[in-house]
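Undergrad: entry-v3.pdb is the file, holding PDB, C-alpha atoms and all ligand atoms:
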ATOM      1  CA  MET A   1       0.274  32.155   5.755
ATOM      2  CA  SER A   2      -0.282  28.710   4.340
ATOM      3  CA  LYS A   3      -1.395  26.132   6.882
ATOM      4  CA  LEU A   4       0.152  22.777   7.683
ATOM      5  CA  ILE A   5      -1.519  19.384   7.548
ATOM      6  CA  ILE A   6      -0.510  16.407   9.660
ATOM      7  CA  GLY A   7      -0.305  13.229   7.586
ATOM      8  CA  ILE A   8      -0.099   9.941   9.489
ATOM      9  CA  ASP A   9       0.511   6.524   7.983
ATOM     10  CA  ILE A  10       0.074   3.755  10.551
ATOM     11  CA  GLY A  11       1.939   0.584   9.638
ATOM     12  CA  GLY A  12       2.522  -2.745  11.326
ATOM     13  CA  THR A  13       6.020  -1.821  12.535
ATOM     14  CA  ALA A  14       6.233   1.979  12.268
ATOM     15  CA  ILE A  15       3.962   5.000  12.291
ATOM     16  CA  LYS A  16       5.123   7.580   9.756
ATOM     17  CA  ILE A  17       4.173  11.147  10.505
ATOM     18  CA  GLY A  18       4.638  14.217   8.301
ATOM     19  CA  LEU A  19       3.985  17.942   8.568
ATOM     20  CA  ILE A  20       2.866  18.751   5.069
ATOM     21  CA  THR A  21       2.060  22.026   3.327
ATOM     22  CA  GLU A  22      -1.194  22.618   1.472
ATOM     23  CA  ASP A  23       0.812  22.120  -1.724
ATOM     24  CA  GLY A  24       1.821  18.636  -0.637
ATOM     25  CA  ASP A  25       5.437  19.362   0.247
ATOM     26  CA  ILE A  26       6.846  17.629   3.308
ATOM     27  CA  LYS A  27       8.149  20.169   5.816
ATOM     28  CA  ASN A  28       9.164  17.634   8.475
ATOM     29  CA  LYS A  29       8.774  13.913   8.760
ATOM     30  CA  TRP A  30       9.660  11.302  11.332
ATOM     31  CA  GLU A  31       8.483   7.920  12.541
ATOM     32  CA  ILE A  32       7.790   6.148  15.792
ATOM     33  CA  PRO A  33       7.562   2.387  16.399
ATOM     34  CA  THR A  34       4.054   0.924  16.351
ATOM     35  CA  ASN A  35       3.250  -0.219  19.857
ATOM     36  CA  THR A  36       1.032  -3.253  19.301
ATOM     37  CA  ASP A  37       0.901  -4.126  23.038
ATOM     38  CA  ASP A  38      -2.604  -4.732  24.429
ATOM     39  CA  ASN A  39      -4.165  -4.766  20.950
ATOM     40  CA  GLY A  40      -2.705  -1.424  19.960
ATOM     41  CA  THR A  41      -4.357   0.447  22.841
ATOM     42  CA  TYR A  42      -1.530   3.001  23.145
ATOM     43  CA  ILE A  43      -1.151   3.866  19.454
ATOM     44  CA  ILE A  44      -3.419   6.918  19.401
ATOM     45  CA  LYS A  45      -1.926   8.534  22.502
ATOM     46  CA  GLU A  46       1.683   7.805  21.559
ATOM     47  CA  THR A  47       1.153   9.210  18.074
ATOM     48  CA  TRP A  48      -0.400  12.414  19.390
ATOM     49  CA  ASP A  49       2.278  12.782  22.097
ATOM     50  CA  SER A  50       4.970  12.497  19.445
ATOM     51  CA  ILE A  51       3.235  15.118  17.273
ATOM     52  CA  GLN A  52       2.897  17.540  20.190
ATOM     53  CA  GLU A  53       6.547  17.134  21.061
ATOM     54  CA  LYS A  54       7.581  17.997  17.491
ATOM     55  CA  LEU A  55       5.165  20.939  17.259
ATOM     56  CA  THR A  56       6.745  22.386  20.398
ATOM     57  CA  ARG A  57      10.238  21.746  19.128
ATOM     58  CA  PHE A  58       9.535  23.367  15.739
ATOM     59  CA  ASN A  59       7.597  26.261  17.330
ATOM     60  CA  ILE A  60       4.447  25.452  15.388
ATOM     61  CA  GLU A  61       1.246  26.865  16.878
ATOM     62  CA  GLU A  62      -1.825  24.667  16.793
ATOM     63  CA  GLU A  63      -3.690  27.510  15.011
ATOM     64  CA  SER A  64      -1.510  26.977  11.967
ATOM     65  CA  LEU A  65      -2.696  23.388  11.583
ATOM     66  CA  LEU A  66      -5.488  22.601   9.125
ATOM     67  CA  GLY A  67      -6.256  19.048  10.172
ATOM     68  CA  ILE A  68      -5.081  15.469  10.466
ATOM     69  CA  GLY A  69      -5.278  12.677   7.907
ATOM     70  CA  ILE A  70      -4.672   9.083   8.987
ATOM     71  CA  GLY A  71      -4.095   5.923   6.972
ATOM     72  CA  VAL A  72      -4.784   2.608   8.700
ATOM     73  CA  PRO A  73      -3.799  -0.909   7.553
ATOM     74  CA  GLY A  74      -7.240  -2.453   7.789
ATOM     75  CA  PHE A  75     -10.933  -2.279   7.034
ATOM     76  CA  THR A  76     -11.912   1.349   7.417
ATOM     77  CA  ASP A  77     -15.146   3.256   6.978
ATOM     78  CA  VAL A  78     -14.165   6.606   5.488
ATOM     79  CA  GLU A  79     -17.351   8.479   6.379
ATOM     80  CA  SER A  80     -17.472   7.541  10.053
ATOM     81  CA  GLY A  81     -13.714   7.041  10.492
ATOM     82  CA  TYR A  82     -14.471   3.723  12.153
ATOM     83  CA  ILE A  83     -11.939   0.868  11.973
ATOM     84  CA  TYR A  84     -13.624  -2.527  11.788
ATOM     85  CA  GLU A  85     -10.415  -4.480  11.932
ATOM     86  CA  ALA A  86      -6.685  -3.866  11.479
ATOM     87  CA  VAL A  87      -5.122  -7.253  12.220
ATOM     88  CA  ASN A  88      -1.430  -6.205  12.076
ATOM     89  CA  ILE A  89      -1.805  -3.605  14.811
ATOM     90  CA  GLY A  90      -4.385  -5.449  16.879
ATOM     91  CA  TRP A  91      -7.298  -3.056  16.348
ATOM     92  CA  LYS A  92     -10.878  -4.244  16.264
ATOM     93  CA  ASP A  93     -13.899  -1.905  16.343
ATOM     94  CA  ILE A  94     -12.017   1.332  17.025
ATOM     95  CA  ASP A  95     -13.756   4.682  16.608
ATOM     96  CA  LEU A  96     -10.524   6.300  15.401
ATOM     97  CA  LEU A  97     -12.008   9.514  14.040
ATOM     98  CA  SER A  98     -13.712  10.632  17.236
ATOM     99  CA  GLN A  99     -10.896   9.402  19.487
ATOM    100  CA  PHE A 100      -8.289  11.337  17.528
ATOM    101  CA  GLN A 101     -10.545  14.365  17.234
ATOM    102  CA  ASN A 102     -11.047  14.393  21.005
ATOM    103  CA  ILE A 103      -7.352  14.137  21.782
ATOM    104  CA  SER A 104      -6.254  16.739  19.193
ATOM    105  CA  ASN A 105      -9.200  19.143  18.794
ATOM    106  CA  LEU A 106      -8.513  19.168  15.076
ATOM    107  CA  PRO A 107     -10.565  17.914  12.111
ATOM    108  CA  VAL A 108      -9.591  14.294  11.422
ATOM    109  CA  PHE A 109     -10.041  12.189   8.285
ATOM    110  CA  VAL A 110      -9.362   8.468   8.065
ATOM    111  CA  ALA A 111      -8.869   6.002   5.210
ATOM    112  CA  ASN A 112      -7.268   2.662   4.423
ATOM    113  CA  ASP A 113      -3.460   2.805   4.027
ATOM    114  CA  ALA A 114      -3.365   1.530   0.442
ATOM    115  CA  ASN A 115      -6.020   4.072  -0.501
ATOM    116  CA  ILE A 116      -4.116   7.022   0.949
ATOM    117  CA  ALA A 117      -0.958   5.781  -0.793
ATOM    118  CA  ALA A 118      -2.898   5.942  -4.074
ATOM    119  CA  LEU A 119      -4.056   9.483  -3.239
ATOM    120  CA  GLY A 120      -0.491  10.542  -2.407
ATOM    121  CA  GLU A 121       0.960   9.085  -5.608
ATOM    122  CA  ASN A 122      -1.761  10.737  -7.626
ATOM    123  CA  TRP A 123      -1.256  14.132  -5.999
ATOM    124  CA  LYS A 124       2.536  14.426  -5.901
ATOM    125  CA  GLY A 125       3.923  11.262  -7.501
ATOM    126  CA  ALA A 126       3.657   9.163 -10.649
ATOM    127  CA  GLY A 127      -0.108   9.672 -11.016
ATOM    128  CA  GLN A 128       0.292  13.346 -11.993
ATOM    129  CA  GLN A 129      -3.278  14.054 -10.928
ATOM    130  CA  ALA A 130      -4.926  11.521 -13.187
ATOM    131  CA  LYS A 131      -8.723  11.447 -13.127
ATOM    132  CA  HIS A 132      -8.891   7.670 -13.433
ATOM    133  CA  LEU A 133      -6.150   5.603 -11.849
ATOM    134  CA  ILE A 134      -5.407   2.229 -10.285
ATOM    135  CA  ALA A 135      -2.585   1.885  -7.750
ATOM    136  CA  VAL A 136      -1.309  -1.553  -6.786
ATOM    137  CA  THR A 137       1.050  -1.947  -3.811
ATOM    138  CA  LEU A 138       3.052  -5.167  -3.908
ATOM    139  CA  GLY A 139       4.488  -5.774  -0.448
ATOM    140  CA  THR A 140       4.118  -8.500   2.152
ATOM    141  CA  GLY A 141       0.511  -8.499   0.996
ATOM    142  CA  ILE A 142      -1.103  -6.623  -1.881
ATOM    143  CA  GLY A 143      -2.992  -3.378  -1.391
ATOM    144  CA  GLY A 144      -4.843  -1.295  -3.882
ATOM    145  CA  GLY A 145      -6.426   2.078  -4.400
ATOM    146  CA  ILE A 146      -8.763   3.125  -7.171
ATOM    147  CA  ILE A 147      -9.426   6.717  -8.199
ATOM    148  CA  VAL A 148     -12.413   7.436 -10.422
ATOM    149  CA  ASN A 149     -13.398  10.938 -11.565
ATOM    150  CA  GLY A 150     -10.631  12.284  -9.331
ATOM    151  CA  SER A 151     -11.978  10.704  -6.134
ATOM    152  CA  LEU A 152     -11.099   7.630  -4.168
ATOM    153  CA  LEU A 153     -13.476   4.738  -4.651
ATOM    154  CA  ASN A 154     -14.574   3.621  -1.162
ATOM    155  CA  GLY A 155     -17.655   1.495  -1.751
ATOM    156  CA  VAL A 156     -20.553   0.961   0.613
ATOM    157  CA  ASN A 157     -18.448  -0.038   3.643
ATOM    158  CA  GLY A 158     -14.935   1.050   2.671
ATOM    159  CA  THR A 159     -13.822  -2.202   1.055
ATOM    160  CA  ALA A 160     -13.524  -1.028  -2.572
ATOM    161  CA  GLY A 161     -10.079  -1.571  -4.066
ATOM    162  CA  GLU A 162      -9.084  -4.518  -1.851
ATOM    163  CA  ILE A 163      -7.256  -5.788  -4.911
ATOM    164  CA  GLY A 164      -5.156  -8.319  -2.988
ATOM    165  CA  HIS A 165      -8.228 -10.443  -2.355
ATOM    166  CA  ILE A 166      -9.351 -10.895  -5.935
ATOM    167  CA  THR A 167      -9.617 -14.660  -6.464
ATOM    168  CA  VAL A 168      -7.084 -15.731  -9.059
ATOM    169  CA  ASP A 169      -6.962 -19.472  -8.383
ATOM    170  CA  PRO A 170     -10.033 -20.945  -6.620
ATOM    171  CA  ASN A 171      -7.989 -24.026  -5.678
ATOM    172  CA  GLY A 172      -4.926 -22.093  -4.625
ATOM    173  CA  HIS A 173      -3.243 -21.443  -1.295
ATOM    174  CA  LEU A 174      -5.098 -20.314   1.781
ATOM    175  CA  CYS A 175      -5.117 -16.531   2.204
ATOM    176  CA  ASN A 176      -5.098 -14.539   5.478
ATOM    177  CA  CYS A 177      -8.698 -13.613   4.702
ATOM    178  CA  GLY A 178      -9.720 -17.288   5.016
ATOM    179  CA  ARG A 179     -10.378 -17.897   1.336
ATOM    180  CA  LYS A 180      -8.254 -19.635  -1.291
ATOM    181  CA  GLY A 181      -6.107 -18.403  -4.142
ATOM    182  CA  CYS A 182      -6.334 -14.638  -3.612
ATOM    183  CA  PHE A 183      -4.089 -12.434  -5.803
ATOM    184  CA  GLU A 184      -1.784 -11.780  -2.817
ATOM    185  CA  THR A 185      -1.147 -15.497  -2.239
ATOM    186  CA  ILE A 186       0.727 -15.435  -5.584
ATOM    187  CA  SER A 187       2.124 -12.001  -6.433
ATOM    188  CA  SER A 188       3.064 -10.493  -3.057
ATOM    189  CA  ALA A 189       6.578 -10.931  -1.636
ATOM    190  CA  THR A 190       5.146 -13.718   0.533
ATOM    191  CA  GLY A 191       3.509 -15.329  -2.495
ATOM    192  CA  ILE A 192       6.723 -15.214  -4.520
ATOM    193  CA  VAL A 193       8.585 -16.948  -1.674
ATOM    194  CA  ARG A 194       5.865 -19.574  -1.418
ATOM    195  CA  GLN A 195       6.138 -20.293  -5.146
ATOM    196  CA  ALA A 196       9.884 -20.746  -4.654
ATOM    197  CA  LEU A 197       9.426 -23.134  -1.716
ATOM    198  CA  THR A 198       7.149 -25.302  -3.872
ATOM    199  CA  GLN A 199       9.839 -25.415  -6.597
ATOM    200  CA  ILE A 200      12.533 -26.239  -4.033
ATOM    201  CA  ASP A 201      10.505 -29.299  -2.950
ATOM    202  CA  LYS A 202      10.067 -30.308  -6.565
ATOM    203  CA  TYR A 203      13.681 -29.733  -7.671
ATOM    204  CA  PRO A 204      15.965 -30.361  -4.667
ATOM    205  CA  GLU A 205      19.050 -30.313  -6.931
ATOM    206  CA  SER A 206      18.328 -26.900  -8.433
ATOM    207  CA  ARG A 207      20.426 -23.761  -7.860
ATOM    208  CA  LEU A 208      17.464 -22.286  -6.000
ATOM    209  CA  ALA A 209      17.281 -25.300  -3.649
ATOM    210  CA  LYS A 210      21.043 -25.145  -3.056
ATOM    211  CA  HIS A 211      20.823 -21.425  -2.260
ATOM    212  CA  TYR A 212      18.067 -22.174   0.214
ATOM    213  CA  GLN A 213      20.081 -24.975   1.859
ATOM    214  CA  GLN A 214      23.147 -22.728   2.186
ATOM    215  CA  VAL A 215      21.475 -19.579   3.473
ATOM    216  CA  GLY A 216      18.646 -21.235   5.378
ATOM    217  CA  GLU A 217      15.974 -18.887   4.071
ATOM    218  CA  ILE A 218      14.807 -17.297   0.863
ATOM    219  CA  THR A 219      13.435 -13.824   0.164
ATOM    220  CA  ALA A 220      11.619 -12.360  -2.829
ATOM    221  CA  LYS A 221      14.760 -10.336  -3.547
ATOM    222  CA  ASP A 222      16.856 -13.549  -3.714
ATOM    223  CA  ILE A 223      14.450 -14.913  -6.301
ATOM    224  CA  PHE A 224      14.696 -11.751  -8.425
ATOM    225  CA  ASP A 225      18.512 -11.820  -8.106
ATOM    226  CA  LEU A 226      18.724 -15.484  -9.154
ATOM    227  CA  ALA A 227      16.360 -14.817 -12.072
ATOM    228  CA  ASN A 228      18.625 -11.968 -13.196
ATOM    229  CA  LYS A 229      21.547 -14.410 -13.122
ATOM    230  CA  GLY A 230      19.635 -16.648 -15.521
ATOM    231  CA  ASP A 231      18.256 -19.249 -13.106
ATOM    232  CA  SER A 232      15.401 -20.729 -15.114
ATOM    233  CA  ILE A 233      13.217 -21.785 -12.178
ATOM    234  CA  CYS A 234      13.381 -18.280 -10.708
ATOM    235  CA  GLU A 235      12.770 -16.770 -14.143
ATOM    236  CA  GLN A 236       9.616 -18.863 -14.388
ATOM    237  CA  ILE A 237       8.449 -17.716 -10.953
ATOM    238  CA  ILE A 238       8.974 -14.065 -11.898
ATOM    239  CA  HIS A 239       7.194 -14.555 -15.235
ATOM    240  CA  HIS A 240       4.239 -16.238 -13.544
ATOM    241  CA  THR A 241       4.085 -13.506 -10.878
ATOM    242  CA  ALA A 242       4.093 -10.749 -13.508
ATOM    243  CA  ASP A 243       1.595 -12.644 -15.637
ATOM    244  CA  VAL A 244      -0.886 -12.846 -12.753
ATOM    245  CA  ILE A 245      -0.421  -9.126 -12.003
ATOM    246  CA  GLY A 246      -1.078  -8.275 -15.660
ATOM    247  CA  TYR A 247      -4.147 -10.524 -15.664
ATOM    248  CA  VAL A 248      -5.601  -8.841 -12.560
ATOM    249  CA  ILE A 249      -4.927  -5.271 -13.687
ATOM    250  CA  SER A 250      -6.363  -5.952 -17.152
ATOM    251  CA  ASN A 251      -9.617  -7.051 -15.510
ATOM    252  CA  LEU A 252      -9.620  -4.020 -13.225
ATOM    253  CA  ALA A 253      -8.822  -1.745 -16.147
ATOM    254  CA  ILE A 254     -11.829  -2.875 -18.125
ATOM    255  CA  THR A 255     -14.009  -1.887 -15.179
ATOM    256  CA  ILE A 256     -12.764   1.669 -14.748
ATOM    257  CA  ASN A 257     -10.853   2.432 -17.995
ATOM    258  CA  PRO A 258      -7.935   4.213 -16.237
ATOM    259  CA  GLU A 259      -5.296   6.469 -17.780
ATOM    260  CA  LYS A 260      -2.604   5.184 -15.425
ATOM    261  CA  ILE A 261      -1.827   2.052 -13.433
ATOM    262  CA  LEU A 262       0.847   2.515 -10.774
ATOM    263  CA  ILE A 263       2.854  -0.354  -9.373
ATOM    264  CA  GLY A 264       4.377   0.346  -5.955
ATOM    265  CA  GLY A 265       5.581  -1.416  -2.809
ATOM    266  CA  GLY A 266       8.790  -3.326  -2.115
ATOM    267  CA  VAL A 267       8.338  -5.801  -4.980
ATOM    268  CA  SER A 268       8.081  -2.933  -7.509
ATOM    269  CA  LYS A 269      11.750  -2.147  -6.791
ATOM    270  CA  ALA A 270      12.714  -5.291  -8.727
ATOM    271  CA  GLY A 271      13.345  -3.050 -11.729
ATOM    272  CA  GLU A 272      12.243  -2.039 -15.194
ATOM    273  CA  LYS A 273      12.416  -5.576 -16.563
ATOM    274  CA  PHE A 274       9.771  -6.784 -14.097
ATOM    275  CA  ILE A 275       7.526  -3.796 -14.845
ATOM    276  CA  GLY A 276       7.998  -4.561 -18.559
ATOM    277  CA  LEU A 277       6.796  -8.131 -17.982
ATOM    278  CA  ILE A 278       3.726  -6.829 -16.135
ATOM    279  CA  GLU A 279       3.006  -4.399 -18.956
ATOM    280  CA  GLY A 280       3.348  -7.160 -21.559
ATOM    281  CA  SER A 281       0.931  -9.376 -19.695
ATOM    282  CA  PHE A 282      -1.472  -6.458 -19.144
ATOM    283  CA  LYS A 283      -1.559  -5.861 -22.912
ATOM    284  CA  LYS A 284      -1.987  -9.572 -23.627
ATOM    285  CA  TYR A 285      -5.137  -9.800 -21.486
ATOM    286  CA  SER A 286      -6.604  -6.355 -22.231
ATOM    287  CA  LEU A 287      -8.947  -4.948 -24.806
ATOM    288  CA  PRO A 288      -6.582  -2.830 -26.934
ATOM    289  CA  ARG A 289      -8.896   0.165 -26.552
ATOM    290  CA  VAL A 290      -8.346  -0.047 -22.797
ATOM    291  CA  SER A 291      -4.608  -0.809 -22.750
ATOM    292  CA  ASP A 292      -3.630   1.579 -25.577
ATOM    293  CA  ILE A 293      -4.707   4.612 -23.549
ATOM    294  CA  CYS A 294      -3.298   3.360 -20.257
ATOM    295  CA  GLU A 295       0.228   3.789 -18.972
ATOM    296  CA  VAL A 296       1.761   1.273 -16.523
ATOM    297  CA  LYS A 297       4.236   3.122 -14.282
ATOM    298  CA  VAL A 298       6.280   2.558 -11.150
ATOM    299  CA  ALA A 299       5.165   4.557  -8.113
ATOM    300  CA  GLN A 300       7.593   7.333  -7.138
ATOM    301  CA  LEU A 301       7.049   8.395  -3.553
ATOM    302  CA  GLY A 302       7.988   5.178  -1.748
ATOM    303  CA  ASN A 303       7.249   5.330   1.987
ATOM    304  CA  ASP A 304       6.147   8.969   1.815
ATOM    305  CA  ALA A 305       3.105   8.225  -0.381
ATOM    306  CA  GLY A 306       0.922   7.401   2.637
ATOM    307  CA  MET A 307       1.561  10.546   4.678
ATOM    308  CA  ILE A 308       1.208  12.761   1.595
ATOM    309  CA  GLY A 309      -2.049  11.038   0.669
ATOM    310  CA  ALA A 310      -3.285  11.380   4.249
ATOM    311  CA  ALA A 311      -2.646  15.120   3.953
ATOM    312  CA  TYR A 312      -4.520  15.188   0.646
ATOM    313  CA  LEU A 313      -7.497  13.581   2.357
ATOM    314  CA  VAL A 314      -7.636  16.601   4.681
ATOM    315  CA  LYS A 315      -7.153  19.115   1.857
ATOM    316  CA  GLU A 316      -9.824  17.440  -0.263
ATOM    317  CA  ASN A 317     -12.387  17.381   2.552
ATOM    318  CA  LEU A 318     -11.921  20.830   4.103
TER     319      LEU A 318
HETATM  320 ZN    ZN B 401      -7.639 -13.111   0.571
END
Would you mind writing the structure in this file as structure tokens?
Ligand SMILES: [Zn+2]
TA:
Amino acid sequence: MSKLIIGIDIGGTAIKIGLITEDGDIKNKWEIPTNTDDNGTYIIKETWDSIQEKLTRFNIEEESLLGIGIGVPGFTDVESGYIYEAVNIGWKDIDLLSQFQNISNLPVFVANDANIAALGENWKGAGQQAKHLIAVTLGTGIGGGIIVNGSLLNGVNGTAGEIGHITVDPNGHLCNCGRKGCFETISSATGIVRQALTQIDKYPESRLAKHYQQVGEITAKDIFDLANKGDSICEQIIHHTADVIGYVISNLAITINPEKILIGGGVSKAGEKFIGLIEGSFKKYSLPRVSDICEVKVAQLGNDAGMIGAAYLVKENL
């Protein structure tokens, strides 16, 4: 009988857990809230408790489990499974691999969350098992995963593919990483909102400013909606955002010469028009030999990409 893999995707607000077949199909999935109390001390135990409860409920014997893959939102060393820092969940210097191995008695593999999302999309989603691929996740921040020769690019200490921290504007806004003008200060949902707030200050009579005054806040989705209604300030913000994304991916593409670039995360749901703008900008900044062979696509798996990729990590390593 085919074995099951446990795929875990730890996020800032929820931990997504899936029981996944060796073919990458989700048999069961559920989530638990991320308990960030006391610097995330309880996360490992609560996750394992939840898994045990489900295994009992579904009558799944531990012998039928192949292993556990875990994605973590932070700096992760893939070989040792050590987490240097995961700010959102409060972790610092956590030996996740051995702790989870001790509690579960199963083989455990660990990687960065954006990297496992790239693995998941490439296995069962829009990547269609490409050998060379770049995945960009546009959310509150920007994550990335790079696959070369069919394998995830980790780098010497697990920091390869931290696309969100590519410097785009050396005099730009301060980033969470402490430096200025990183890619994610412009093209993440947070960056898009910040661009809008700057425009609201500049043009207090604009439709955007009036919307902000009425509602009291502004989201990236509001800015996309206003742009779709023809608001020129919001259109400019969206064009600039897409232009910067195209600029960054064209530079990445010349480094690895990928066959596919996948755009995922909440911001990618803005629609085909936005993806078209990114593609146009990508072509504008690329060597034609690089862009002609490369397809820009929207990621398909949504929130399941992480758990599926975490399962792939186990399959690939066992
Ligand atoms: Zn940064």
Undergrad: Can I get the residues of chain A within 12 Å of ligand ZN 401 (chain B), each with the closest pair of atoms and their distance in Å to one decimal, using all atoms listed in the file, sorted chain first then ascending number, as a Markdown table?
TA:
| residue | atom | partner | partner_atom | distance |
| --- | --- | --- | --- | --- |
| A:Gly141 | CA | B:ZN401 | ZN | 9.4 |
| A:Ile142 | CA | B:ZN401 | ZN | 9.5 |
| A:Gly143 | CA | B:ZN401 | ZN | 11.0 |
| A:Glu162 | CA | B:ZN401 | ZN | 9.0 |
| A:Ile163 | CA | B:ZN401 | ZN | 9.2 |
| A:Gly164 | CA | B:ZN401 | ZN | 6.5 |
| A:His165 | CA | B:ZN401 | ZN | 4.0 |
| A:Ile166 | CA | B:ZN401 | ZN | 7.1 |
| A:Thr167 | CA | B:ZN401 | ZN | 7.5 |
| A:Val168 | CA | B:ZN401 | ZN | 10.0 |
| A:Asp169 | CA | B:ZN401 | ZN | 11.0 |
| A:Pro170 | CA | B:ZN401 | ZN | 10.9 |
| A:Gly172 | CA | B:ZN401 | ZN | 10.7 |
| A:His173 | CA | B:ZN401 | ZN | 9.6 |
| A:Leu174 | CA | B:ZN401 | ZN | 7.7 |
| A:Cys175 | CA | B:ZN401 | ZN | 4.6 |
| A:Asn176 | CA | B:ZN401 | ZN | 5.7 |
| A:Cys177 | CA | B:ZN401 | ZN | 4.3 |
| A:Gly178 | CA | B:ZN401 | ZN | 6.4 |
| A:Arg179 | CA | B:ZN401 | ZN | 5.6 |
| A:Lys180 | CA | B:ZN401 | ZN | 6.8 |
| A:Gly181 | CA | B:ZN401 | ZN | 7.3 |
| A:Cys182 | CA | B:ZN401 | ZN | 4.6 |
| A:Phe183 | CA | B:ZN401 | ZN | 7.3 |
| A:Glu184 | CA | B:ZN401 | ZN | 6.9 |
| A:Thr185 | CA | B:ZN401 | ZN | 7.5 |
| A:Ile186 | CA | B:ZN401 | ZN | 10.6 |
| A:Ser188 | CA | B:ZN401 | ZN | 11.6 |
| A:Gly191 | CA | B:ZN401 | ZN | 11.8 |
Undergrad: What are the nearest atom pairs, with distances in Å to one decimal, for all residues of segment 117-136 of chain A that come at most 10 Å from segment 231-252 of chain A, using all atoms listed in the file, set out by chain and rising residue number as a Markdown table?
TA:
| residue | atom | partner | partner_atom | distance |
| --- | --- | --- | --- | --- |
| A:Ile134 | CA | A:Leu252 | CA | 8.1 |
| A:Ala135 | CA | A:Ile249 | CA | 9.6 |
| A:Val136 | CA | A:Ile249 | CA | 8.6 |
Undergrad: How would the residues just chosen look if you wrote them out with C-alpha atoms as a CSV table (one decimal), in the frame of the given file?
TA:
chain,number,residue,atom,x,y,z
A,134,ILE,CA,-5.4,2.2,-10.3
A,135,ALA,CA,-2.6,1.9,-7.8
A,136,VAL,CA,-1.3,-1.6,-6.8
Undergrad: Return the single residue from A:Leu96, A:Leu66, A:Leu106, A:Ala14 that is closest to Asn35 of chain A, with distances computed using all atoms listed in the file.
TA: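 Distance minimum relative to Asn35 of chain A lands on A:Ala14.
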Undergrad: For Gly12 of chain A, which of A:Gly74, A:Gly69, A:Gly150, A:Gly144 is the closest residue, counting only C-alpha atoms?
TA: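 Ranking A:Gly74, A:Gly69, A:Gly150, A:Gly144 by distance to Gly12 of chain A, first place goes to A:Gly74.
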Undergrad: Just so the selection is clear, what residues does the PyMOL selection byres (((chain A and resi 133) around 6) and not hetatm) cover here, as a count of residues only?
TA: 7
Undergrad: Between atom CA of Asp95 of chain A and atom CA of Leu4 of chain A, measure the distance and give it in Å to one decimal.
TA: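 Computed distance, atom CA of Asp95 of chain A to atom CA of Leu4 of chain A, equals 24.5 Å.
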Undergrad: Could you list, as an MDAnalysis selection string, every residue within 9 Å of Ile263 of chain A, counting all atoms listed in the file and ignoring same-chain residues fewer than 5 positions away?
TA: chainID A and resid 134:138 268 275 296:299
Undergrad: Residues picked by the PyMOL selection byres (((chain A and resi 109) around 8) and not hetatm) here, as a list in words?
TA: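 So the PyMOL selection byres (((chain A and resi 109) around 8) and not hetatm) ends up selecting Ile68, Gly69, Ile70, Val78, Gly81, Leu97, Pro107, Val108, Val110, Ala111, Ala310, Leu313 and Val314 of chain A.
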Undergrad: Give me the residues within 7 Å of segment 112-122 of chain A as a PDB file with C-alpha atoms, in the coordinates of the input, counting only C-alpha atoms and dropping any in the same chain fewer than 5 places off.
TA:
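As written to disk, selection-v9.pdb reads:
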ATOM      1  CA  ASP A   9       0.511   6.524   7.983  1.00  0.00           C
ATOM      2  CA  GLY A  71      -4.095   5.923   6.972  1.00  0.00           C
ATOM      3  CA  VAL A  72      -4.784   2.608   8.700  1.00  0.00           C
ATOM      4  CA  PRO A  73      -3.799  -0.909   7.553  1.00  0.00           C
ATOM      5  CA  GLY A  74      -7.240  -2.453   7.789  1.00  0.00           C
ATOM      6  CA  PHE A  75     -10.933  -2.279   7.034  1.00  0.00           C
ATOM      7  CA  THR A  76     -11.912   1.349   7.417  1.00  0.00           C
ATOM      8  CA  GLY A 127      -0.108   9.672 -11.016  1.00  0.00           C
ATOM      9  CA  GLN A 128       0.292  13.346 -11.993  1.00  0.00           C
ATOM     10  CA  GLN A 129      -3.278  14.054 -10.928  1.00  0.00           C
ATOM     11  CA  ALA A 130      -4.926  11.521 -13.187  1.00  0.00           C
ATOM     12  CA  ALA A 135      -2.585   1.885  -7.750  1.00  0.00           C
ATOM     13  CA  GLY A 143      -2.992  -3.378  -1.391  1.00  0.00           C
ATOM     14  CA  GLY A 144      -4.843  -1.295  -3.882  1.00  0.00           C
ATOM     15  CA  GLY A 145      -6.426   2.078  -4.400  1.00  0.00           C
ATOM     16  CA  ALA A 299       5.165   4.557  -8.113  1.00  0.00           C
ATOM     17  CA  LEU A 301       7.049   8.395  -3.553  1.00  0.00           C
ATOM     18  CA  ALA A 305       3.105   8.225  -0.381  1.00  0.00           C
ATOM     19  CA  GLY A 306       0.922   7.401   2.637  1.00  0.00           C
ATOM     20  CA  ILE A 308       1.208  12.761   1.595  1.00  0.00           C
ATOM     21  CA  GLY A 309      -2.049  11.038   0.669  1.00  0.00           C
ATOM     22  CA  ALA A 310      -3.285  11.380   4.249  1.00  0.00           C
ATOM     23  CA  TYR A 312      -4.520  15.188   0.646  1.00  0.00           C
TER      24      TYR A 312
END
Undergrad: Just the number, please: distance in Å from atom CA of Ser104 of chain A to atom CA of Asp304 of chain A, one decimal.
TA: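 So the answer is 22.7 Å.
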Undergrad: What gap, in Å, lies between atom CA of Ile218 of chain A and atom CA of Gln195 of chain A?
TA: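 Atom CA of Gln195 of chain A lies 11.0 Å from atom CA of Ile218 of chain A.
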Undergrad: Identify which of the residues A:Asn28, A:Thr34, A:Ser286, A:Thr159 lies closest to Leu55 of chain A, counting all atoms listed in the file when measuring atom-to-atom distances.
TA: A:Asn28
Undergrad: Mind checking which residues fall within 10 Å of Tyr212 of chain A, counting all atoms listed in the file, ignoring those fewer than 4 positions away in the same chain, and posting them as a ChimeraX atom specification?
TA: /A:196-197,200,204,206-208,216-219,222
Undergrad: Applying 6 Å and all atoms listed in the file, which residues near segment 90-94 of chain A remain after dropping the ones on its own chain fewer than 5 positions away? List them as a ChimeraX atom specification.
TA: /A:39-40,82-85
